[in-house]
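Trainee: Just passing along the structure, written as structure tokens.
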Amino acid sequence: MPEITLNPPRSGTWYSATANSHSPRPRLAGSQKAEVCVVGAGLAGLTTALELSRHGKSVVLVEGETIASGASGRNGGFVTAGYAEDIPRVIQRVGLEQARALYVLSRAGVEYVREQIEVLDPKVQAGKGFLSVQRYADEDRCRRYVQLLQDEVGHDLEFWPAGKIREALRTERYFGAVYDPDAFHIHPLNYALALACEIERKGGVIFENSHGLSLEKSTPGFVLVTPGGRVFSRNVVLCTGAARGLSPALSRSILPISTHVVVSAPVEGGLEEIIQTSAAIADTRRAGDYYRMVDRSRLLWGGKISTRRSPPRRLVSVMKRTIAGVYPQLSSIDIEYAWSGLMAYCIHKMPLIGELEPGVWMATGFGGHGLNTTAMAGCLVTSAIVEGDTRWRRFTPYGPVWSGGPIGSKRGA
Ligand SMILES: Cc1cc2nc3c(=O)[nH]c(=O)nc-3n(C[C@H](O)[C@H](O)[C@H](O)COP(=O)(O)OP(=O)(O)OC[C@H]3O[C@@H](n4cnc5c(N)ncnc54)[C@H](O)[C@@H]3O)c2cc1C
């Protein structure tokens with residue numbers, strides 16, 4: 001039975017309803033030549049195309065739908081250091097020195113986004129700080145994590161005991177938290193649109209509604225074929241997110257994982273009494289809740305991460321119940337927007353960054369931690385193409401691996 005609500009949520013996301021005005025880009029028609037063809041205009045493709053353009057390369061960016069219509073324009077908007085994989089597990093796998101270098105790169109991604117926003121559109125930033133909250137009493141675990149990040153990778157985080165977190169968030173659900181003062185949150189779609197304008201200002205060309213059907217060897221390097229045209233280029237960068245198709249190696253490696261978001265109507269009297277921080281919040285459970293205030297009085301709430309592609313039946317009621325479970329004061333909250341998105345995970349939960357074969361680059365698999373890592377990947381791939389920088393090899397231990405089919409899907413989230 002279809003879900004019945006008094007005010008059914010609007011179609012589209014809150015981000016698209018509040019997007020800066022922008023014009024559609026043309027479909028690719030006929031032949032184009034460029035030094036680099038970037039496939040996919042999510043944040044990975046946009047950052048790569050922008051940095052290549054800034055470094056004087058001719059770039060064609062080909063998007064199958066519209067700019068940031070994938071995960072990049074429909075996410076939580078949290079920009080935080082690190083990766084989808086926990087840093088202690090990264091240390092375990094690649095050793096301390098290598099893990100430290102990877103963590104430093106992830107922090108450079110945060111700083112890159114901060115700088116672009118300052119220069120391109122400061123209104124994109126929506127708030128400061130990130131609280132990782134714990135739903136069970138184990139203060140030692142939080143303290144140990146803070147100590148580890150400080151000692152091993154030099155990141156100063158703050159431990160918040162139960163008393164302090166309950167002053168900031170009016171719920172009994174949390175027993176401790178780790179606060180990251182360097183994190184911030186953004187309107188991701190407006191950020192993507194700002195990057196797109198800057199690419200064009202620098203001479204790059206963007207095509208929308210031009211799905212790449214095949215990638216073949218050709219002169220001078222490769223040809224990308226879309227329904228209406230072709231792009232000939234020496235280098236190709238695949239930034240195709242959760243989509244499969246253009247590269248067998250990526251198709252075997254990527255697990256699409258879904259997650260869902262709702263945005264409330266403005267809450268009468270505001271939310272500031274209940275959420276007394278401008279920080280974004282996420283709980284530490286494997287498929288936990290993530291949320292923040294938007295527009296001062298609306299609540300953006302995400303979660304229900306799953307290998308199932310379709311949203312849970314009755315998504316709005318499920319999310320309302322979850323919100324009320326944490327904040328009983330909000331049990332009658334009205335939901336105005338509800339949407340879903342697909343994240344691209346690799347089984348090792350680290351991004352796929354590097355050269356697949358001479359001239360074909362990949363920047364994908366960012367999982368639920370893509371706002372900083374897509375930026376870092378775009379910069380790494382650019383400096384590899386432009387000046388032969390080999391720092392992307394830090395990701396070699398996390399190359400494309402078979403995702404394990406349906407069993408992999410269950411382990412990968
Ligand atoms: C609901 C949700 C909440 C999230 N919250 C956060 C968060 O708060 N913080 C965080 O860091 N991360 C978050 N993430 C993850 C983050 O959004 C992603 O990791 C990141 O946006 C991935 O960017 P991308 O460019 O790799 O992929 P995408 O944004 O998915 O872009 C890939 C693009 O490639 C295009 N494409 C695919 N195949 C082709 C083809 N053959 N030809 C042409 N174009 C093609 C697609 O249409 C798409 O536009 C969230 C994700 C979701 C879905």
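Labels used: A, B, ... for chains in the order of the structure tokens, numbers from 1 for residues in each chain, and numbers from 1 for ligands as shown.
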Mind dumping a table of every chain A residue within 7 Å of ligand 1, with the nearest atom pair and its distance in Å to one decimal, using only C-alpha atoms and all ligand atoms, sorted by chain and rising number, as a tab-separated table?
Mentor:
```
residue	atom	partner	partner_atom_place_in_ligand_line	distance
A:Val39	CA	ligand 1	43 (C)	5.2
A:Gly40	CA	ligand 1	34 (O)	3.2
A:Ala41	CA	ligand 1	49 (O)	5.0
A:Gly42	CA	ligand 1	25 (O)	3.4
A:Leu43	CA	ligand 1	25 (O)	4.1
A:Ala44	CA	ligand 1	25 (O)	3.8
A:Gly45	CA	ligand 1	25 (O)	5.6
A:Val62	CA	ligand 1	43 (C)	5.5
A:Glu63	CA	ligand 1	44 (N)	3.9
A:Gly64	CA	ligand 1	44 (N)	3.6
A:Glu65	CA	ligand 1	47 (O)	4.9
A:Thr66	CA	ligand 1	49 (O)	6.4
A:Ile67	CA	ligand 1	49 (O)	6.0
A:Ala68	CA	ligand 1	49 (O)	5.0
A:Ser69	CA	ligand 1	49 (O)	5.0
A:Gly70	CA	ligand 1	30 (O)	3.9
A:Ala71	CA	ligand 1	29 (O)	3.9
A:Ser72	CA	ligand 1	21 (O)	3.3
A:Gly73	CA	ligand 1	29 (O)	6.6
A:Arg74	CA	ligand 1	1 (C)	5.5
A:Asn75	CA	ligand 1	3 (C)	3.2
A:Gly76	CA	ligand 1	8 (O)	3.4
A:Gly77	CA	ligand 1	8 (O)	4.2
A:Phe78	CA	ligand 1	8 (O)	3.7
A:Val79	CA	ligand 1	11 (O)	5.4
A:Thr80	CA	ligand 1	11 (O)	6.5
A:Ser210	CA	ligand 1	43 (C)	6.0
A:His211	CA	ligand 1	42 (N)	3.8
A:Gly212	CA	ligand 1	42 (N)	3.6
A:Leu213	CA	ligand 1	41 (N)	5.8
A:Cys239	CA	ligand 1	26 (O)	5.6
A:Thr240	CA	ligand 1	34 (O)	3.7
A:Gly241	CA	ligand 1	27 (O)	3.6
A:Ala242	CA	ligand 1	30 (O)	5.8
A:Ala243	CA	ligand 1	37 (C)	4.8
A:Arg244	CA	ligand 1	38 (N)	6.7
A:Gly245	CA	ligand 1	41 (N)	6.4
A:Leu246	CA	ligand 1	41 (N)	6.0
A:Ser258	CA	ligand 1	53 (C)	6.5
A:Thr259	CA	ligand 1	1 (C)	5.0
A:His260	CA	ligand 1	1 (C)	5.2
A:Val261	CA	ligand 1	1 (C)	5.7
A:Gly302	CA	ligand 1	1 (C)	6.6
A:Ser340	CA	ligand 1	1 (C)	5.8
A:Gly341	CA	ligand 1	53 (C)	3.6
A:Leu342	CA	ligand 1	53 (C)	4.5
A:Met343	CA	ligand 1	53 (C)	4.9
A:Ala344	CA	ligand 1	19 (O)	6.7
A:Ala363	CA	ligand 1	26 (O)	6.8
A:Thr364	CA	ligand 1	26 (O)	4.7
A:Gly365	CA	ligand 1	26 (O)	6.4
A:Phe366	CA	ligand 1	19 (O)	4.3
A:Gly367	CA	ligand 1	19 (O)	4.7
A:Gly368	CA	ligand 1	15 (C)	3.8
A:His369	CA	ligand 1	11 (O)	3.5
A:Gly370	CA	ligand 1	19 (O)	3.2
A:Leu371	CA	ligand 1	11 (O)	3.8
A:Asn372	CA	ligand 1	11 (O)	5.9
A:Thr374	CA	ligand 1	23 (O)	6.1
```
Trainee: Looking only at the backbone, which of the residues in stretch 81-135 of chain A does DSSP tag as strand (DSSP E or B), as a list in words?
Mentor: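 Matching residues, listed in order: Gln125, Ala126, Gly127, Lys128, Gly129, Phe130, Leu131, Ser132, Val133 and Gln134 of chain A.
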Trainee: From the options A:Pro24, A:Pro88, A:Gly399, A:Gly378, which residue's atoms come nearest to A:Gln147, counting only C-alpha atoms?
Mentor: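 Comparing A:Pro24, A:Pro88, A:Gly399, A:Gly378 against A:Gln147, the winner is A:Pro88.
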Trainee: Go through A:Leu149, A:Val318, A:Ile333, A:Leu169 and flag the residue nearest A:Ser297, using only C-alpha atoms for the distances.
Mentor: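 Under the stated criterion, the closest residue is A:Ile333.
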Trainee: Report, in Å with one decimal, the straight-line distance from atom CA of A:Val94 to atom CA of A:Gly176.
Mentor: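 So the two atoms, atom CA of A:Val94 and atom CA of A:Gly176, lie 29.5 Å apart.
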Trainee: Compile the contact shell of A:Lys304 as a VMD selection string: residues with an atom at most 12 Å away, counting only C-alpha atoms, same-chain residues fewer than 3 positions apart removed.
Mentor: chain A and resid 257 to 262 285 to 290 301 307 to 313 315 to 316 318 to 319 322 339 to 342 413
Trainee: Take the residues from that selection and write them out as a CSV table (one decimal), in the first residue's frame, keeping C-alpha atoms.
Mentor:
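Resulting contents of selection_36.csv:
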```csv
chain,number,residue,atom,x,y,z
A,257,ILE,CA,25.2,1.2,-1.3
A,258,SER,CA,22.0,3.2,-0.7
A,259,THR,CA,21.3,5.8,2.0
A,260,HIS,CA,18.3,8.0,2.5
A,261,VAL,CA,17.7,11.6,3.7
A,262,VAL,CA,14.7,13.6,4.8
A,285,ARG,CA,26.9,2.7,14.6
A,286,ARG,CA,27.6,0.9,11.4
A,287,ALA,CA,24.5,2.2,9.7
A,288,GLY,CA,23.8,5.0,12.1
A,289,ASP,CA,22.0,8.3,11.9
A,290,TYR,CA,23.6,11.5,10.5
A,301,TRP,CA,18.3,13.6,8.8
A,307,THR,CA,22.8,-2.8,0.2
A,308,ARG,CA,19.1,-2.7,-1.0
A,309,ARG,CA,18.8,-0.1,-3.7
A,310,SER,CA,15.2,0.8,-3.1
A,311,PRO,CA,14.3,3.0,-0.1
A,312,PRO,CA,12.6,1.3,2.9
A,313,ARG,CA,8.8,1.0,2.5
A,315,LEU,CA,10.6,5.9,4.2
A,316,VAL,CA,9.0,9.0,5.8
A,318,VAL,CA,10.6,5.1,9.3
A,319,MET,CA,12.7,8.3,9.5
A,322,THR,CA,14.0,7.2,14.1
A,339,TRP,CA,15.2,11.3,-1.2
A,340,SER,CA,17.7,8.5,-1.6
A,341,GLY,CA,21.2,8.3,-3.0
A,342,LEU,CA,23.8,5.7,-4.0
A,413,ALA,CA,28.7,-1.5,3.7
```
Trainee: For A:Gln134, list every protein, DNA or RNA residue within 7 Å, evaluated using only C-alpha atoms, and leave out those in the same chain fewer than 5 positions away; present the list as a PyMOL selection string.
Mentor: chain A and resi 174-177+283-284
Trainee: Quote the spacing between atom CA of A:Ser383 and atom CA of A:Glu51 in Å to one decimal place.
Mentor: 8.6 Å
Trainee: Residues within 7 Å of stretch 345-357 of chain A, please, as a list in words. Count only C-alpha atoms; anything in the same chain fewer than 5 positions from it doesn't count.
Mentor: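 Skipping anything fewer than 5 positions along the chain leaves Tyr83, Ala84, Glu85, Ser253, Ile254, Leu255, Pro256, Ile257, Met362, Ala363, Thr364, Gly365, Phe366, Gly367, Ala377, Val381, Trp392, Arg393, Phe395, Tyr398, Gly399, Pro400, Ser403, Gly408 and Gly412 of chain A.
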Trainee: So that I can check the surroundings of A:Met376, please list as a VMD selection string every protein, DNA and RNA residue that reaches within 10 Å of it, counting only C-alpha atoms and ignoring chain neighbours fewer than 6 positions away.
Mentor: chain A and resid 44 47 to 48 105 to 113 353 363 370 382 392
Trainee: Given only C-alpha atoms as the basis, pick out the residue of A:Trp361, A:Phe184, A:Ala99, A:Leu380 nearest to A:Val236.
Mentor: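 Distance minimum relative to A:Val236 lands on A:Trp361.
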Trainee: Interatomic distance between atom CA of A:Glu336 and atom CA of A:Tyr15?
Mentor: 12.2 Å
Trainee: If you count only C-alpha atoms, which residues fall within 12 Å of stretch 32-36 of chain A, apart from same-chain ones fewer than 2 positions away, as a ChimeraX atom specification?
Mentor: /A:27-30,38-39,45,48-53,55-62,203-207,218-226,228-238,359-361,381-382,385-386
